[in-house]
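For reference, entry.txt (compact mmCIF, C-alpha atoms and all ligand atoms):
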# COMPACT_ATOMS: atom_id res chain seq x y z
CA MET A 1 79.18 -18.80 -23.79
CA ARG A 2 80.03 -21.31 -21.09
CA GLU A 3 77.00 -22.96 -19.62
CA ASP A 4 77.93 -22.05 -16.03
CA VAL A 5 78.46 -18.39 -17.02
CA GLN A 6 75.13 -18.40 -18.82
CA GLN A 7 73.55 -19.79 -15.67
CA LEU A 8 75.20 -17.08 -13.56
CA LEU A 9 73.81 -14.45 -15.90
CA LYS A 10 70.36 -15.91 -15.29
CA ILE A 11 70.95 -15.85 -11.53
CA GLN A 12 72.15 -12.25 -11.71
CA ASP A 13 68.92 -11.30 -13.44
CA PHE A 14 66.98 -12.80 -10.52
CA ASP A 15 69.25 -11.09 -8.01
CA GLN A 16 68.79 -7.71 -9.64
CA ARG A 17 65.03 -8.13 -9.59
CA ILE A 18 65.18 -9.21 -5.93
CA GLN A 19 67.31 -6.17 -5.13
CA ALA A 20 64.89 -3.81 -6.88
CA ILE A 21 61.92 -5.25 -4.98
CA ASN A 22 63.76 -5.01 -1.66
CA LYS A 23 64.46 -1.34 -2.35
CA GLU A 24 60.81 -0.73 -3.23
CA LEU A 25 59.70 -2.47 -0.02
CA GLU A 26 62.02 -0.21 1.96
CA ARG A 27 60.57 2.86 0.23
CA ILE A 28 56.89 2.00 0.83
CA PRO A 29 56.75 2.78 4.60
CA ARG A 30 58.55 6.07 3.95
CA GLU A 31 56.00 6.96 1.26
CA GLN A 32 53.22 6.13 3.73
CA GLU A 33 54.78 8.41 6.35
CA ALA A 34 55.06 11.19 3.76
CA ALA A 35 51.36 10.73 2.96
CA LYS A 36 50.47 11.06 6.66
CA ASP A 37 52.59 14.21 6.87
CA ARG A 38 50.27 15.81 4.34
CA LEU A 39 47.57 15.76 7.04
CA ALA A 40 49.72 17.96 9.29
CA ASN A 41 48.91 21.19 7.41
CA ASN A 42 45.16 20.54 7.64
CA GLN A 43 45.43 19.56 11.30
CA ALA A 44 47.39 22.75 12.07
CA ALA A 45 44.83 24.91 10.22
CA LEU A 46 42.00 23.34 12.25
CA ALA A 47 43.87 23.83 15.53
CA THR A 48 44.48 27.51 14.66
CA ALA A 49 40.81 28.03 13.81
CA LYS A 50 39.72 26.45 17.12
CA THR A 51 42.17 28.58 19.13
CA ALA A 52 40.92 31.74 17.40
CA TYR A 53 37.34 30.79 18.31
CA GLN A 54 38.24 30.09 21.95
CA GLU A 55 40.15 33.37 22.27
CA ASN A 56 37.18 35.23 20.83
CA GLU A 57 34.82 33.53 23.30
CA MET A 58 37.08 34.63 26.15
CA ALA A 59 37.05 38.20 24.82
CA ILE A 60 33.22 38.13 24.78
CA LYS A 61 33.14 36.94 28.41
CA THR A 62 35.53 39.71 29.44
CA VAL A 63 33.35 42.34 27.75
CA GLU A 64 30.24 40.90 29.44
CA LEU A 65 31.95 41.09 32.83
CA ASP A 66 33.00 44.69 32.13
CA ILE A 67 29.39 45.58 31.23
CA GLY A 68 28.21 43.88 34.43
CA THR A 69 30.58 45.81 36.71
CA ARG A 70 29.60 49.09 35.06
CA LYS A 71 25.90 48.33 35.53
CA THR A 72 26.58 47.66 39.23
CA THR A 73 28.42 50.97 39.45
CA ILE A 74 25.47 52.77 37.84
CA GLU A 75 23.10 51.20 40.39
CA LYS A 76 25.34 52.47 43.22
CA LEU A 77 25.55 55.92 41.67
CA ASN A 78 21.75 56.04 41.28
CA LYS A 79 21.34 55.08 44.93
CA GLN A 80 23.83 57.74 46.05
CA GLN A 81 22.07 60.28 43.87
CA PHE A 82 18.72 59.38 45.42
CA GLU A 83 20.14 59.74 48.92
CA THR A 84 22.05 63.00 48.49
CA LYS A 85 20.60 66.33 49.43
CA LYS A 86 23.30 68.44 47.80
CA ASN A 87 22.49 69.72 44.32
CA GLU A 88 26.13 69.90 43.31
CA GLU A 89 26.75 66.28 44.29
CA PHE A 90 23.50 65.23 42.63
CA ASP A 91 24.67 66.73 39.31
CA LYS A 92 28.13 65.24 39.66
CA LEU A 93 26.68 61.78 40.27
CA GLY A 94 24.35 62.24 37.29
CA ALA A 95 27.29 63.06 35.05
CA GLU A 96 29.06 59.93 36.26
CA VAL A 97 26.01 57.82 35.41
CA ILE A 98 26.04 59.24 31.87
CA ARG A 99 29.76 58.53 31.56
CA TYR A 100 29.25 54.88 32.66
CA LYS A 101 26.30 54.46 30.30
CA GLY A 102 28.54 55.69 27.48
CA MET A 103 31.12 53.07 28.42
CA ILE A 104 28.43 50.37 28.37
CA ASP A 105 27.34 51.49 24.89
CA ASP A 106 30.91 51.16 23.63
CA LEU A 107 31.30 47.77 25.27
CA GLU A 108 28.04 46.54 23.76
CA THR A 109 29.25 47.62 20.31
CA THR A 110 32.45 45.65 20.91
CA GLU A 111 30.43 42.64 22.05
CA LEU A 112 28.38 42.69 18.84
CA GLU A 113 31.55 42.85 16.76
CA LEU A 114 32.99 39.92 18.69
CA MET A 115 29.81 37.92 18.15
CA GLU A 116 30.06 38.51 14.41
CA LYS A 117 33.67 37.38 14.60
CA ALA A 118 32.52 34.23 16.44
CA ASP A 119 30.30 33.39 13.44
CA GLU A 120 33.30 33.81 11.13
CA CYS A 121 35.41 31.62 13.42
CA ARG A 122 32.78 28.88 13.38
CA ALA A 123 32.68 29.00 9.57
CA THR A 124 36.48 28.74 9.41
CA ILE A 125 36.38 25.70 11.72
CA THR A 126 33.77 24.01 9.51
CA GLU A 127 35.90 24.67 6.42
CA ALA A 128 39.05 23.37 8.10
CA GLU A 129 37.24 20.22 9.24
CA ALA A 130 36.01 19.60 5.71
CA SER A 131 39.50 20.06 4.24
CA LEU A 132 40.97 17.69 6.81
CA ALA A 133 38.31 15.06 6.11
CA LYS A 134 38.96 15.37 2.36
CA THR A 135 42.72 14.99 2.76
CA GLN A 136 42.18 12.09 5.17
CA VAL A 137 40.27 10.21 2.47
CA THR A 138 43.03 10.59 -0.15
CA VAL A 139 45.74 9.78 2.39
CA ASP A 140 43.88 6.66 3.56
CA GLU A 141 43.48 5.59 -0.08
CA GLU A 142 47.16 6.13 -0.78
CA ILE A 143 48.23 4.18 2.31
CA ALA A 144 45.91 1.29 1.42
CA GLU A 145 47.23 1.28 -2.15
CA LEU A 146 50.82 1.15 -0.89
CA ASP A 147 49.89 -1.69 1.50
CA ALA A 148 48.39 -3.63 -1.40
CA ARG A 149 51.48 -2.98 -3.54
CA ALA A 150 53.76 -4.17 -0.73
CA GLY A 151 51.71 -7.37 -0.48
CA VAL A 152 52.06 -8.09 -4.20
CA ARG A 153 55.80 -7.34 -4.11
CA ARG A 154 56.34 -9.64 -1.11
CA GLU A 155 54.71 -12.49 -3.03
CA GLU A 156 56.84 -11.76 -6.08
CA LEU A 157 59.89 -11.67 -3.87
CA ALA A 158 59.13 -15.07 -2.33
CA ASP A 159 58.67 -16.58 -5.81
CA LEU A 160 61.88 -15.03 -7.12
CA LYS A 161 63.87 -16.22 -4.12
CA GLU A 162 62.53 -19.72 -4.56
CA THR A 163 63.42 -19.81 -8.28
CA ARG A 164 66.81 -18.25 -7.59
CA LYS A 165 67.50 -21.01 -5.05
CA GLU A 166 66.62 -23.70 -7.59
CA GLU A 167 68.72 -22.09 -10.34
CA SER A 168 71.73 -21.62 -8.08
CA THR A 169 72.03 -25.38 -7.50
CA LYS A 170 72.98 -25.68 -11.17
CA VAL A 171 76.25 -23.76 -10.65
CA GLU A 172 79.39 -25.09 -9.02
CA GLU A 173 79.61 -23.93 -5.39
CA ASP A 174 82.93 -22.05 -5.52
CA LEU A 175 81.95 -20.17 -8.65
CA LEU A 176 78.61 -19.23 -7.12
CA ALA A 177 80.36 -18.01 -3.95
CA ASP A 178 82.71 -15.88 -6.12
CA TYR A 179 79.76 -14.43 -7.96
CA ASP A 180 77.82 -13.76 -4.72
CA ARG A 181 80.78 -11.91 -3.22
CA LEU A 182 81.20 -9.79 -6.38
CA PHE A 183 77.49 -9.04 -6.63
CA ILE A 184 77.50 -7.56 -3.10
CA LYS A 185 80.86 -5.78 -3.51
CA GLN A 186 79.87 -4.20 -6.83
CA GLU A 187 76.35 -3.37 -5.72
CA GLY A 188 74.34 -5.49 -8.10
CA LYS A 189 76.88 -6.67 -10.67
CA GLY A 190 78.92 -9.87 -10.38
CA ILE A 191 79.02 -10.81 -14.03
CA ALA A 192 79.66 -8.45 -16.90
CA ALA A 193 80.06 -8.43 -20.68
CA VAL A 194 83.34 -7.68 -22.39
CA ASN A 195 83.17 -6.26 -25.92
CA SER A 196 85.40 -6.78 -28.95
CA GLU A 197 87.48 -3.75 -27.84
CA ARG A 198 88.19 -5.74 -24.64
CA ILE A 199 86.24 -3.20 -22.54
CA CYS A 200 84.55 -4.55 -19.39
CA SER A 201 80.95 -3.30 -19.18
CA SER A 202 81.12 -3.07 -15.38
CA CYS A 203 84.27 -0.95 -14.80
CA HIS A 204 84.64 0.33 -18.42
CA LEU A 205 88.35 -0.47 -18.44
CA GLN A 206 90.24 -2.63 -20.93
CA VAL A 207 91.18 -6.15 -19.94
CA VAL A 208 94.46 -7.83 -21.00
CA ASN A 209 94.44 -9.98 -24.09
CA SER A 210 94.68 -13.30 -22.25
CA THR A 211 91.61 -12.45 -20.20
CA PHE A 212 89.75 -11.50 -23.35
CA ILE A 213 90.74 -14.74 -25.05
CA ALA A 214 89.60 -16.73 -22.02
CA ALA A 215 86.23 -14.98 -22.09
CA LYS A 216 85.94 -15.57 -25.81
CA SER A 217 86.98 -19.22 -25.84
CA GLY A 218 85.36 -20.18 -22.58
CA GLU A 219 88.24 -22.51 -21.75
CA ARG A 220 88.30 -21.13 -18.22
CA ILE A 221 86.33 -18.62 -16.13
CA ALA A 222 87.57 -15.15 -17.14
CA GLU A 223 87.60 -12.38 -14.55
CA CYS A 224 88.13 -8.69 -15.27
CA ASP A 225 91.71 -7.62 -14.38
CA ASN A 226 90.41 -4.43 -12.84
CA CYS A 227 87.07 -5.08 -11.12
CA SER A 228 87.15 -8.91 -10.95
CA SER A 229 83.74 -9.26 -12.61
CA ILE A 230 83.16 -12.66 -14.21
CA LEU A 231 83.28 -11.93 -17.94
CA TYR A 232 81.39 -13.17 -20.95
CA LEU A 233 81.77 -12.05 -24.54
CA ALA A 234 79.13 -9.52 -25.57
ZN ZN A 301 85.81 -4.72 -14.98
Give the structure from this file in structure tokens form.
Amino acid sequence: MREDVQQLLKIQDFDQRIQAINKELERIPREQEAAKDRLANNQAALATAKTAYQENEMAIKTVELDIGTRKTTIEKLNKQQFETKKNEEFDKLGAEVIRYKGMIDDLETTELELMEKADECRATITEAEASLAKTQVTVDEEIAELDARAGVRREELADLKETRKEESTKVEEDLLADYDRLFIKQEGKGIAAVNSERICSSCHLQVVNSTFIAAKSGERIAECDNCSSILYLA
């Protein structure tokens, strides 16, 4: 193999590693966002639990107000009953008092039920807070791990770029420019092997005989007739 082609192969190896690290570095922030999204379910569950508790508290207040107004009504009825001199009205007012007392009994039963429900709501909130805290820990760990990985990769990347720069000075400028253009155009492949069947490993098509001979002899730089990859004999 020609020395310059061998050198390009070496450079391509660096370039592919650089490309892979760049892709990983692009992925890391997205993975961190995805980790944060996992908190959303826990946060929503906690918000729902808190709303349920607040609504229940409001229902308790409403029941207490209803009990209060009925107690006031009973006081008025008692007063009217005390003041009346008519038996018929006295009985009627008495019946009303009983009816209002019945309503208060029902409301007090409802209030007790709501208070039990408040206990359940508080327990649900505690559970939801615990789940959220637990998820937060794993998410924080994952984000920190990804940060650490990104740091390591950035160092590797700097080293690779430095070495790549040094190695690239060993290749003639025009040839390097050709290779660079091909590497970008063919998304990570500027130099490719050709086998004894004259098949290019990049485009998988057969090259003409003269191209194959050039790749084999190394008398000149051989480029694939189809995809323009710089060829070397496998
Ligand atoms: Zn090709």
Close residues, Asp180 (chain A) itself excluded, 12 Å, only C-alpha atoms, min 2 positions apart in chain, as a PDB file with C-alpha atoms, in the coordinates of the input:
ATOM      1  CA  LEU A   8      75.200 -17.080 -13.560  1.00  0.00           C
ATOM      2  CA  LEU A   9      73.810 -14.450 -15.900  1.00  0.00           C
ATOM      3  CA  ILE A  11      70.950 -15.850 -11.530  1.00  0.00           C
ATOM      4  CA  GLN A  12      72.150 -12.250 -11.710  1.00  0.00           C
ATOM      5  CA  ASP A  15      69.250 -11.090  -8.010  1.00  0.00           C
ATOM      6  CA  GLN A  16      68.790  -7.710  -9.640  1.00  0.00           C
ATOM      7  CA  SER A 168      71.730 -21.620  -8.080  1.00  0.00           C
ATOM      8  CA  VAL A 171      76.250 -23.760 -10.650  1.00  0.00           C
ATOM      9  CA  GLU A 173      79.610 -23.930  -5.390  1.00  0.00           C
ATOM     10  CA  ASP A 174      82.930 -22.050  -5.520  1.00  0.00           C
ATOM     11  CA  LEU A 175      81.950 -20.170  -8.650  1.00  0.00           C
ATOM     12  CA  LEU A 176      78.610 -19.230  -7.120  1.00  0.00           C
ATOM     13  CA  ALA A 177      80.360 -18.010  -3.950  1.00  0.00           C
ATOM     14  CA  ASP A 178      82.710 -15.880  -6.120  1.00  0.00           C
ATOM     15  CA  LEU A 182      81.200  -9.790  -6.380  1.00  0.00           C
ATOM     16  CA  PHE A 183      77.490  -9.040  -6.630  1.00  0.00           C
ATOM     17  CA  ILE A 184      77.500  -7.560  -3.100  1.00  0.00           C
ATOM     18  CA  LYS A 185      80.860  -5.780  -3.510  1.00  0.00           C
ATOM     19  CA  GLN A 186      79.870  -4.200  -6.830  1.00  0.00           C
ATOM     20  CA  GLU A 187      76.350  -3.370  -5.720  1.00  0.00           C
ATOM     21  CA  GLY A 188      74.340  -5.490  -8.100  1.00  0.00           C
ATOM     22  CA  LYS A 189      76.880  -6.670 -10.670  1.00  0.00           C
ATOM     23  CA  GLY A 190      78.920  -9.870 -10.380  1.00  0.00           C
ATOM     24  CA  ILE A 191      79.020 -10.810 -14.030  1.00  0.00           C
ATOM     25  CA  SER A 229      83.740  -9.260 -12.610  1.00  0.00           C
ATOM     26  CA  ILE A 230      83.160 -12.660 -14.210  1.00  0.00           C
TER      27      ILE A 230
END
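Neighbours of Thr72 (chain A) closer than or equal to 12 Å, with all atoms listed in the file counted and sequence neighbours fewer than 6 positions away skipped, come out as Leu65, Asp66, Asn78, Lys79, Val97, Tyr100, Lys101 and Ile104 of chain A.
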#### Entry: Contacts with ligand ZN 301 (chain A) at most 9 Å, all atoms listed in the file counted, listed as an MDAnalysis selection string
chainID A and resid 192:194 199:207 223:231
### Task
Go through A:Lys117, A:Arg2, A:Arg27, A:Lys10 and flag the residue nearest Arg149 (chain A), using all atoms listed in the file for the distances.
A:Arg27
#### Entry: Test item: residues at most 12 Å from Ala34 (chain A), only C-alpha atoms, excluding those fewer than 5 positions along its chain, as a PyMOL selection string
chain A and resi 27-29+39-40+139+142-143+146
May I ask you to restore N, CA and C atoms in region 190-223 of chain A and write the result as an mmCIF file, in the frame of the given file?
data_model
loop_
_atom_site.group_PDB
_atom_site.id
_atom_site.type_symbol
_atom_site.label_atom_id
_atom_site.label_comp_id
_atom_site.auth_asym_id
_atom_site.auth_seq_id
_atom_site.Cartn_x
_atom_site.Cartn_y
_atom_site.Cartn_z
ATOM 1 N N GLY A 190 77.857 -8.892 -10.624
ATOM 2 C CA GLY A 190 78.920 -9.870 -10.380
ATOM 3 C C GLY A 190 79.452 -10.424 -11.681
ATOM 4 N N ILE A 191 78.648 -10.289 -12.712
ATOM 5 C CA ILE A 191 79.020 -10.810 -14.030
ATOM 6 C C ILE A 191 78.791 -9.717 -15.059
ATOM 7 N N ALA A 192 79.744 -9.564 -15.954
ATOM 8 C CA ALA A 192 79.660 -8.450 -16.900
ATOM 9 C C ALA A 192 80.129 -8.871 -18.286
ATOM 10 N N ALA A 193 79.666 -8.145 -19.295
ATOM 11 C CA ALA A 193 80.060 -8.430 -20.680
ATOM 12 C C ALA A 193 81.378 -7.731 -20.994
ATOM 13 N N VAL A 194 82.143 -8.352 -21.861
ATOM 14 C CA VAL A 194 83.340 -7.680 -22.390
ATOM 15 C C VAL A 194 83.124 -7.586 -23.896
ATOM 16 N N ASN A 195 83.437 -6.409 -24.474
ATOM 17 C CA ASN A 195 83.170 -6.260 -25.920
ATOM 18 C C ASN A 195 84.420 -6.551 -26.752
ATOM 19 N N SER A 196 84.294 -6.421 -28.061
ATOM 20 C CA SER A 196 85.400 -6.780 -28.950
ATOM 21 C C SER A 196 86.604 -5.838 -28.772
ATOM 22 N N GLU A 197 86.355 -4.671 -28.151
ATOM 23 C CA GLU A 197 87.480 -3.750 -27.840
ATOM 24 C C GLU A 197 88.118 -4.101 -26.490
ATOM 25 N N ARG A 198 87.690 -5.227 -25.921
ATOM 26 C CA ARG A 198 88.190 -5.740 -24.640
ATOM 27 C C ARG A 198 87.784 -4.840 -23.448
ATOM 28 N N ILE A 199 86.704 -4.090 -23.611
ATOM 29 C CA ILE A 199 86.240 -3.200 -22.540
ATOM 30 C C ILE A 199 85.215 -3.940 -21.669
ATOM 31 N N CYS A 200 85.469 -3.914 -20.363
ATOM 32 C CA CYS A 200 84.550 -4.550 -19.390
ATOM 33 C C CYS A 200 83.350 -3.617 -19.188
ATOM 34 N N SER A 201 82.151 -4.151 -19.289
ATOM 35 C CA SER A 201 80.950 -3.300 -19.180
ATOM 36 C C SER A 201 80.674 -2.862 -17.737
ATOM 37 N N SER A 202 81.348 -3.456 -16.775
ATOM 38 C CA SER A 202 81.120 -3.070 -15.380
ATOM 39 C C SER A 202 82.035 -1.902 -14.982
ATOM 40 N N CYS A 203 83.339 -2.016 -15.225
ATOM 41 C CA CYS A 203 84.270 -0.950 -14.800
ATOM 42 C C CYS A 203 84.688 -0.047 -15.971
ATOM 43 N N HIS A 204 84.334 -0.443 -17.201
ATOM 44 C CA HIS A 204 84.640 0.330 -18.420
ATOM 45 C C HIS A 204 86.138 0.465 -18.688
ATOM 46 N N LEU A 205 86.912 -0.467 -18.170
ATOM 47 C CA LEU A 205 88.350 -0.470 -18.440
ATOM 48 C C LEU A 205 88.669 -1.659 -19.351
ATOM 49 N N GLN A 206 89.848 -1.571 -20.004
ATOM 50 C CA GLN A 206 90.240 -2.630 -20.930
ATOM 51 C C GLN A 206 90.918 -3.775 -20.184
ATOM 52 N N VAL A 207 90.548 -4.983 -20.577
ATOM 53 C CA VAL A 207 91.180 -6.150 -19.940
ATOM 54 C C VAL A 207 92.368 -6.588 -20.810
ATOM 55 N N VAL A 208 93.296 -7.372 -20.216
ATOM 56 C CA VAL A 208 94.460 -7.830 -21.000
ATOM 57 C C VAL A 208 93.987 -8.883 -22.009
ATOM 58 N N ASN A 209 94.806 -9.074 -22.997
ATOM 59 C CA ASN A 209 94.440 -9.980 -24.090
ATOM 60 C C ASN A 209 94.096 -11.390 -23.618
ATOM 61 N N SER A 210 94.902 -11.905 -22.701
ATOM 62 C CA SER A 210 94.680 -13.300 -22.250
ATOM 63 C C SER A 210 93.320 -13.447 -21.581
ATOM 64 N N THR A 211 92.929 -12.435 -20.857
ATOM 65 C CA THR A 211 91.610 -12.450 -20.200
ATOM 66 C C THR A 211 90.511 -12.464 -21.274
ATOM 67 N N PHE A 212 90.731 -11.588 -22.268
ATOM 68 C CA PHE A 212 89.750 -11.500 -23.350
ATOM 69 C C PHE A 212 89.621 -12.847 -24.090
ATOM 70 N N ILE A 213 90.740 -13.451 -24.337
ATOM 71 C CA ILE A 213 90.740 -14.740 -25.050
ATOM 72 C C ILE A 213 90.021 -15.810 -24.209
ATOM 73 N N ALA A 214 90.262 -15.770 -22.906
ATOM 74 C CA ALA A 214 89.600 -16.730 -22.020
ATOM 75 C C ALA A 214 88.079 -16.549 -22.049
ATOM 76 N N ALA A 215 87.670 -15.281 -22.045
ATOM 77 C CA ALA A 215 86.230 -14.980 -22.090
ATOM 78 C C ALA A 215 85.632 -15.440 -23.423
ATOM 79 N N LYS A 216 86.417 -15.235 -24.472
ATOM 80 C CA LYS A 216 85.940 -15.570 -25.810
ATOM 81 C C LYS A 216 85.881 -17.090 -26.021
ATOM 82 N N SER A 217 86.930 -17.772 -25.613
ATOM 83 C CA SER A 217 86.980 -19.220 -25.840
ATOM 84 C C SER A 217 86.161 -20.010 -24.829
ATOM 85 N N GLY A 218 86.089 -19.479 -23.628
ATOM 86 C CA GLY A 218 85.360 -20.180 -22.580
ATOM 87 C C GLY A 218 86.135 -21.353 -21.995
ATOM 88 N N GLU A 219 87.428 -21.386 -22.256
ATOM 89 C CA GLU A 219 88.240 -22.510 -21.750
ATOM 90 C C GLU A 219 88.388 -22.469 -20.227
ATOM 91 N N ARG A 220 88.311 -21.291 -19.684
ATOM 92 C CA ARG A 220 88.300 -21.130 -18.220
ATOM 93 C C ARG A 220 87.395 -19.932 -17.886
ATOM 94 N N ILE A 221 87.116 -19.784 -16.564
ATOM 95 C CA ILE A 221 86.330 -18.620 -16.130
ATOM 96 C C ILE A 221 87.227 -17.389 -16.229
ATOM 97 N N ALA A 222 86.763 -16.368 -16.986
ATOM 98 C CA ALA A 222 87.570 -15.150 -17.140
ATOM 99 C C ALA A 222 87.053 -14.085 -16.173
ATOM 100 N N GLU A 223 88.000 -13.470 -15.454
ATOM 101 C CA GLU A 223 87.600 -12.380 -14.550
ATOM 102 C C GLU A 223 88.292 -11.092 -14.965
#
